[in-house]
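Asks: Got data_29.csv for you, CSV, C-alpha atoms:
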chain,number,residue,atom,x,y,z
A,743,MET,CA,45.9,74.4,60.9
A,744,ARG,CA,43.6,75.7,58.2
A,745,PRO,CA,45.1,74.9,54.7
A,746,GLY,CA,45.2,78.1,52.7
A,747,SER,CA,45.1,80.4,55.6
A,748,SER,CA,46.3,84.0,55.1
A,749,SER,CA,49.5,83.4,56.9
A,750,GLU,CA,50.2,80.3,54.9
A,751,ARG,CA,49.5,82.1,51.6
A,752,ALA,CA,51.8,85.0,52.6
A,753,LEU,CA,54.6,82.5,53.4
A,754,ARG,CA,54.1,80.7,50.2
A,755,TYR,CA,54.3,83.9,48.3
A,756,ALA,CA,57.5,85.0,50.1
A,757,LEU,CA,59.1,81.6,49.6
A,758,SER,CA,58.2,81.6,45.9
A,759,ARG,CA,60.1,84.9,45.6
A,760,CYS,CA,63.1,83.2,47.3
A,761,GLU,CA,62.9,80.2,44.9
A,762,GLU,CA,62.7,82.5,41.9
A,763,GLN,CA,66.1,83.8,42.9
A,764,GLY,CA,67.6,80.3,43.3
A,765,ALA,CA,67.0,79.5,47.0
A,766,THR,CA,65.9,76.1,48.2
A,767,THR,CA,63.0,76.5,50.5
A,768,GLU,CA,60.8,74.3,52.8
A,769,LEU,CA,57.5,75.3,54.1
A,770,PHE,CA,56.2,74.2,57.5
A,771,THR,CA,52.5,74.9,58.2
A,772,GLY,CA,49.4,73.3,59.7
A,773,GLU,CA,50.0,69.6,60.0
A,774,THR,CA,53.8,69.8,60.0
A,775,LEU,CA,53.6,72.2,62.9
A,776,ASP,CA,51.2,70.1,64.9
A,777,LEU,CA,53.8,69.1,67.4
A,778,ALA,CA,53.7,67.9,71.0
A,779,ALA,CA,53.8,70.7,73.5
A,780,TYR,CA,57.5,71.6,74.0
A,781,ASP,CA,58.8,70.3,77.3
A,782,PRO,CA,62.3,71.6,78.0
A,783,GLU,CA,63.0,68.6,80.3
A,784,SER,CA,61.9,66.1,77.7
A,785,PRO,CA,61.4,67.5,74.3
A,786,ALA,CA,59.5,65.3,71.9
A,787,LYS,CA,61.7,63.4,69.5
A,788,THR,CA,59.2,62.6,66.7
A,789,ALA,CA,59.9,62.6,63.0
A,790,LYS,CA,58.1,65.9,62.5
A,791,VAL,CA,60.2,67.5,65.3
A,792,ALA,CA,63.4,66.1,63.8
A,793,ARG,CA,62.5,67.4,60.3
A,794,LEU,CA,61.8,70.9,61.7
A,795,ILE,CA,65.0,71.0,63.7
A,796,GLU,CA,67.1,69.8,60.8
A,797,ALA,CA,65.5,72.3,58.4
A,798,LEU,CA,66.3,75.1,60.9
A,799,ARG,CA,69.8,73.9,61.4
A,800,ALA,CA,70.5,73.8,57.7
A,801,SER,CA,68.9,77.1,56.9
A,802,HIS,CA,70.8,80.3,56.0
A,803,GLY,CA,67.7,82.3,56.5
A,804,VAL,CA,64.2,81.9,57.9
A,805,ILE,CA,60.8,83.4,57.3
A,806,VAL,CA,58.3,83.0,60.1
A,807,GLY,CA,54.6,83.8,59.8
A,808,SER,CA,51.9,83.8,62.4
A,809,PRO,CA,48.3,84.6,62.7
A,810,GLY,CA,47.6,86.9,65.6
A,811,TYR,CA,45.4,85.3,68.2
A,812,HIS,CA,44.2,87.6,71.0
A,813,GLY,CA,47.0,90.0,70.3
A,814,SER,CA,49.9,87.6,70.1
A,815,VAL,CA,51.6,84.8,68.2
A,816,SER,CA,49.6,81.6,67.7
A,817,GLY,CA,50.4,78.8,70.2
A,818,MET,CA,51.3,76.5,67.4
A,819,VAL,CA,54.0,78.8,66.0
A,820,LYS,CA,55.4,79.7,69.4
A,821,ASN,CA,55.6,76.0,70.2
A,822,ALA,CA,57.5,75.3,67.0
A,823,LEU,CA,59.9,78.1,67.8
A,824,ASP,CA,60.4,76.7,71.2
A,825,TYR,CA,61.9,73.6,69.6
A,826,ALA,CA,64.7,75.8,68.3
A,827,GLU,CA,66.2,75.2,71.7
A,828,ALA,CA,67.7,72.1,70.1
A,829,LEU,CA,70.0,74.5,68.3
A,830,ARG,CA,71.4,75.8,71.6
A,831,ASN,CA,74.8,74.0,71.5
A,832,ASP,CA,75.2,74.4,67.7
A,833,GLU,CA,78.0,76.5,66.3
A,834,PRO,CA,76.6,79.1,65.8
A,835,PRO,CA,73.8,78.6,68.3
A,836,TYR,CA,70.0,79.2,67.7
A,837,PHE,CA,69.4,81.6,64.8
A,838,GLU,CA,72.7,83.5,65.2
A,839,GLY,CA,73.9,84.9,62.0
A,840,ARG,CA,70.6,84.3,60.2
A,841,ALA,CA,68.2,86.8,58.8
A,842,VAL,CA,64.7,86.1,59.8
A,843,GLY,CA,61.8,87.7,57.9
A,844,LEU,CA,58.6,88.1,59.9
A,845,VAL,CA,55.0,88.1,58.8
A,846,ALA,CA,52.0,88.6,61.1
A,847,CYS,CA,48.3,88.7,60.1
A,848,ALA,CA,45.2,89.2,62.1
A,849,GLN,CA,41.6,90.3,61.8
A,850,GLY,CA,42.5,93.8,62.9
A,851,TRP,CA,45.5,96.1,62.8
A,852,GLN,CA,46.2,96.1,66.5
A,853,ALA,CA,46.6,92.3,66.8
A,854,ALA,CA,48.7,92.2,63.6
A,855,GLY,CA,51.0,94.8,65.0
A,856,THR,CA,51.4,93.3,68.4
A,857,THR,CA,52.0,89.8,66.9
A,858,LEU,CA,54.7,91.2,64.7
A,859,ALA,CA,56.4,92.9,67.7
A,860,THR,CA,56.2,89.6,69.6
A,861,LEU,CA,57.8,87.7,66.7
A,862,ARG,CA,60.6,90.2,66.7
A,863,GLN,CA,61.2,89.7,70.5
A,864,ILE,CA,61.3,85.9,70.0
A,865,VAL,CA,63.8,86.1,67.1
A,866,HIS,CA,66.0,88.4,69.2
A,867,ALA,CA,65.9,85.9,72.1
A,868,LEU,CA,67.0,83.3,69.6
A,869,ARG,CA,69.9,85.5,68.5
A,870,GLY,CA,68.4,86.0,65.0
A,871,TRP,CA,68.5,89.1,62.9
A,872,PRO,CA,65.0,90.2,62.1
A,873,THR,CA,64.9,91.9,58.7
A,874,PRO,CA,64.4,95.6,58.6
A,875,MET,CA,61.1,95.0,56.8
A,876,GLY,CA,58.4,93.2,58.8
A,877,VAL,CA,55.0,92.6,57.4
A,878,ALA,CA,51.7,93.0,59.3
A,879,PHE,CA,48.4,92.8,57.5
A,880,ASN,CA,44.8,92.9,58.3
A,881,THR,CA,42.9,89.8,57.1
A,882,SER,CA,39.5,91.5,57.3
A,883,THR,CA,40.5,93.3,54.1
A,884,ARG,CA,40.6,89.9,52.2
A,885,PRO,CA,44.2,90.2,51.2
A,886,PHE,CA,44.2,87.1,49.0
A,887,SER,CA,41.7,86.1,46.3
A,888,ASP,CA,41.8,82.6,44.8
A,889,SER,CA,45.6,82.2,44.7
A,890,ASP,CA,48.7,82.7,46.8
A,891,ILE,CA,49.3,86.0,45.1
A,892,PRO,CA,48.2,88.9,47.3
A,893,ALA,CA,45.3,90.9,45.9
A,894,ASP,CA,46.9,94.0,47.3
A,895,PRO,CA,50.0,95.0,45.3
A,896,ALA,CA,51.4,96.8,48.4
A,897,LEU,CA,51.3,93.5,50.4
A,898,ALA,CA,52.9,91.6,47.6
A,899,ARG,CA,55.7,94.2,47.5
A,900,GLN,CA,56.3,94.0,51.3
A,901,LEU,CA,56.5,90.2,51.1
A,902,GLU,CA,59.0,90.5,48.2
A,903,ILE,CA,61.1,92.9,50.2
A,904,ILE,CA,61.2,90.4,53.1
A,905,ALA,CA,62.3,87.6,50.8
A,906,ASP,CA,64.9,89.8,49.2
A,907,GLN,CA,66.3,91.0,52.6
A,908,VAL,CA,66.6,87.4,53.9
A,909,LEU,CA,68.4,86.3,50.7
A,910,GLU,CA,70.6,89.4,50.6
A,911,PHE,CA,71.7,89.0,54.2
A,912,SER,CA,72.3,85.3,53.8
A,913,LEU,CA,74.5,85.9,50.7
A,914,MET,CA,76.5,88.6,52.6
A,915,ARG,CA,77.1,86.2,55.5
A,916,HIS,CA,78.1,83.5,53.1
A,917,ARG,CA,80.5,85.8,51.3
A,918,ALA,CA,82.0,87.1,54.5
A,919,GLY,CA,82.5,83.5,55.8
A,920,ALA,CA,84.2,82.5,52.5
A,921,GLU,CA,86.5,85.6,52.7
A,922,SER,CA,87.5,84.9,56.3
A,923,VAL,CA,88.4,81.3,55.4
A,924,ALA,CA,90.4,82.4,52.4
A,925,LYS,CA,92.5,84.8,54.5
Represent the structure from my file as structure tokens, please.

Replies:
Amino acid sequence: MRPGSSSERALRYALSRCEEQGATTELFTGETLDLAAYDPESPAKTAKVARLIEALRASHGVIVGSPGYHGSVSGMVKNALDYAEALRNDEPPYFEGRAVGLVACAQGWQAAGTTLATLRQIVHALRGWPTPMGVAFNTSTRPFSDSDIPADPALARQLEIIADQVLEFSLMRHRAGAESVAK
């Protein structure tokens, strides 16, 4: 919920890399992810939920970032991902055929690592393709200064790699789909 959080800044940086390469992006953080608790029997049908679902449905790739709270994904991020259940009957369902870049941050390496591992498990359950590069970083090292550009060049490079991998995979899938239609 905190504007300018480390996870938000990391996502902004990765998405800016995607935009530099011509992608259209949409960022969901804080207020836009403050959704009613997901209820599988009666999921909320608010404008914010509809916007999230339609953005996921239209996406060719996704980048998910989460702070690590007590060694796992934040409840807000997990709740938002639970709403991907609305994509269950789509063709393809859920995140199938989409690259998903993952970013986890926490005030300690252990929580950052376990949060990244949990995000990978969630994406696998949603049939997504986690990118080979996943980023976990320790916020106690003050990874951002006064901008969305990481103070640590290694963190910046890792976020760039995630963005590049999501775009590369999306383009490969698009080309493969176009070739199969042409045959």

Asks: Taking all atoms listed in the file into account, produce a table as CSV in which each residue of stretch 815-845 of chain A with an atom at most 12 Å from an atom of stretch 886-900 of chain A appears once, together with its shortest atom pair and the distance in Å to one decimal, ordered by chain and rising number.

Replies:
residue,atom,partner,partner_atom,distance
A:Gly843,CA,A:Gln900,CA,10.7
A:Leu844,CA,A:Gln900,CA,10.7
A:Val845,CA,A:Gln900,CA,9.6

Asks: Between A:Leu794, A:Leu829, A:Ala822, A:Val806, single out the one closest to A:Arg754, counting only C-alpha atoms.

Replies: A:Val806

Asks: Do you have the atom CA of A:Thr881-atom CA of A:Glu910 distance handy?

Replies: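 A separation of 28.5 Å between them.
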
Asks: Nearest to A:Glu768: which of A:Arg751, A:Lys787, A:His866, A:Arg793 is it, counting only C-alpha atoms?

Replies: A:Arg793

Asks: Kindly give the distance, in Å, that separates atom CA of A:Leu757 and atom CA of A:Asn821, rounded to a single decimal.

Replies: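 Here the two named atoms are 21.6 Å from each other.
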
Asks: May I ask which of the residues A:Ala826, A:Ala848, A:Ala853, A:Ala905 is the closest one to A:Leu868, counting only C-alpha atoms?

Replies: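 Selected residue with least distance to A:Leu868: A:Ala826.
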
Asks: What separation in Å, quoted to one decimal, exists between atom CA of A:Leu858 and atom CA of A:Ala878?

Replies: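 Between atom CA of A:Leu858 and atom CA of A:Ala878 the gap is 6.4 Å.
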
Asks: Missing atoms in stretch 796-811 of chain A: can you complete it with N, CA and C atoms, as a PDB file, keeping the file's coordinate frame?

Replies:
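Contents of the output file part.pdb:
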ATOM      1  N   GLU A 796      66.115  69.935  61.835  1.00  0.00           N
ATOM      2  CA  GLU A 796      67.100  69.800  60.800  1.00  0.00           C
ATOM      3  C   GLU A 796      66.993  70.892  59.735  1.00  0.00           C
ATOM      4  N   ALA A 797      65.753  71.250  59.405  1.00  0.00           N
ATOM      5  CA  ALA A 797      65.500  72.300  58.400  1.00  0.00           C
ATOM      6  C   ALA A 797      66.049  73.656  59.003  1.00  0.00           C
ATOM      7  N   LEU A 798      65.765  73.923  60.266  1.00  0.00           N
ATOM      8  CA  LEU A 798      66.300  75.100  60.900  1.00  0.00           C
ATOM      9  C   LEU A 798      67.787  75.138  60.966  1.00  0.00           C
ATOM     10  N   ARG A 799      68.334  74.012  61.319  1.00  0.00           N
ATOM     11  CA  ARG A 799      69.800  73.900  61.400  1.00  0.00           C
ATOM     12  C   ARG A 799      70.481  74.125  60.099  1.00  0.00           C
ATOM     13  N   ALA A 800      69.899  73.666  59.025  1.00  0.00           N
ATOM     14  CA  ALA A 800      70.500  73.800  57.700  1.00  0.00           C
ATOM     15  C   ALA A 800      70.236  75.138  57.036  1.00  0.00           C
ATOM     16  N   SER A 801      69.326  75.911  57.599  1.00  0.00           N
ATOM     17  CA  SER A 801      68.900  77.100  56.900  1.00  0.00           C
ATOM     18  C   SER A 801      69.957  78.246  57.033  1.00  0.00           C
ATOM     19  N   HIS A 802      69.969  79.062  55.990  1.00  0.00           N
ATOM     20  CA  HIS A 802      70.800  80.300  56.000  1.00  0.00           C
ATOM     21  C   HIS A 802      69.908  81.479  56.316  1.00  0.00           C
ATOM     22  N   GLY A 803      68.627  81.315  56.191  1.00  0.00           N
ATOM     23  CA  GLY A 803      67.700  82.300  56.500  1.00  0.00           C
ATOM     24  C   GLY A 803      66.322  81.688  56.785  1.00  0.00           C
ATOM     25  N   VAL A 804      65.474  82.403  57.479  1.00  0.00           N
ATOM     26  CA  VAL A 804      64.200  81.900  57.900  1.00  0.00           C
ATOM     27  C   VAL A 804      63.124  82.936  57.698  1.00  0.00           C
ATOM     28  N   ILE A 805      61.944  82.530  57.308  1.00  0.00           N
ATOM     29  CA  ILE A 805      60.800  83.400  57.300  1.00  0.00           C
ATOM     30  C   ILE A 805      59.741  82.796  58.184  1.00  0.00           C
ATOM     31  N   VAL A 806      59.290  83.531  59.183  1.00  0.00           N
ATOM     32  CA  VAL A 806      58.300  83.000  60.100  1.00  0.00           C
ATOM     33  C   VAL A 806      57.028  83.851  59.951  1.00  0.00           C
ATOM     34  N   GLY A 807      55.920  83.158  59.858  1.00  0.00           N
ATOM     35  CA  GLY A 807      54.600  83.800  59.800  1.00  0.00           C
ATOM     36  C   GLY A 807      53.714  83.290  60.854  1.00  0.00           C
ATOM     37  N   SER A 808      52.893  84.175  61.390  1.00  0.00           N
ATOM     38  CA  SER A 808      51.900  83.800  62.400  1.00  0.00           C
ATOM     39  C   SER A 808      50.665  84.555  62.317  1.00  0.00           C
ATOM     40  N   PRO A 809      49.550  83.873  62.513  1.00  0.00           N
ATOM     41  CA  PRO A 809      48.300  84.600  62.700  1.00  0.00           C
ATOM     42  C   PRO A 809      48.359  85.223  64.121  1.00  0.00           C
ATOM     43  N   GLY A 810      47.674  86.324  64.290  1.00  0.00           N
ATOM     44  CA  GLY A 810      47.600  86.900  65.600  1.00  0.00           C
ATOM     45  C   GLY A 810      46.311  86.405  66.296  1.00  0.00           C
ATOM     46  N   TYR A 811      46.493  85.784  67.420  1.00  0.00           N
ATOM     47  CA  TYR A 811      45.400  85.300  68.200  1.00  0.00           C
ATOM     48  C   TYR A 811      45.386  86.069  69.544  1.00  0.00           C
TER      49      TYR A 811
END
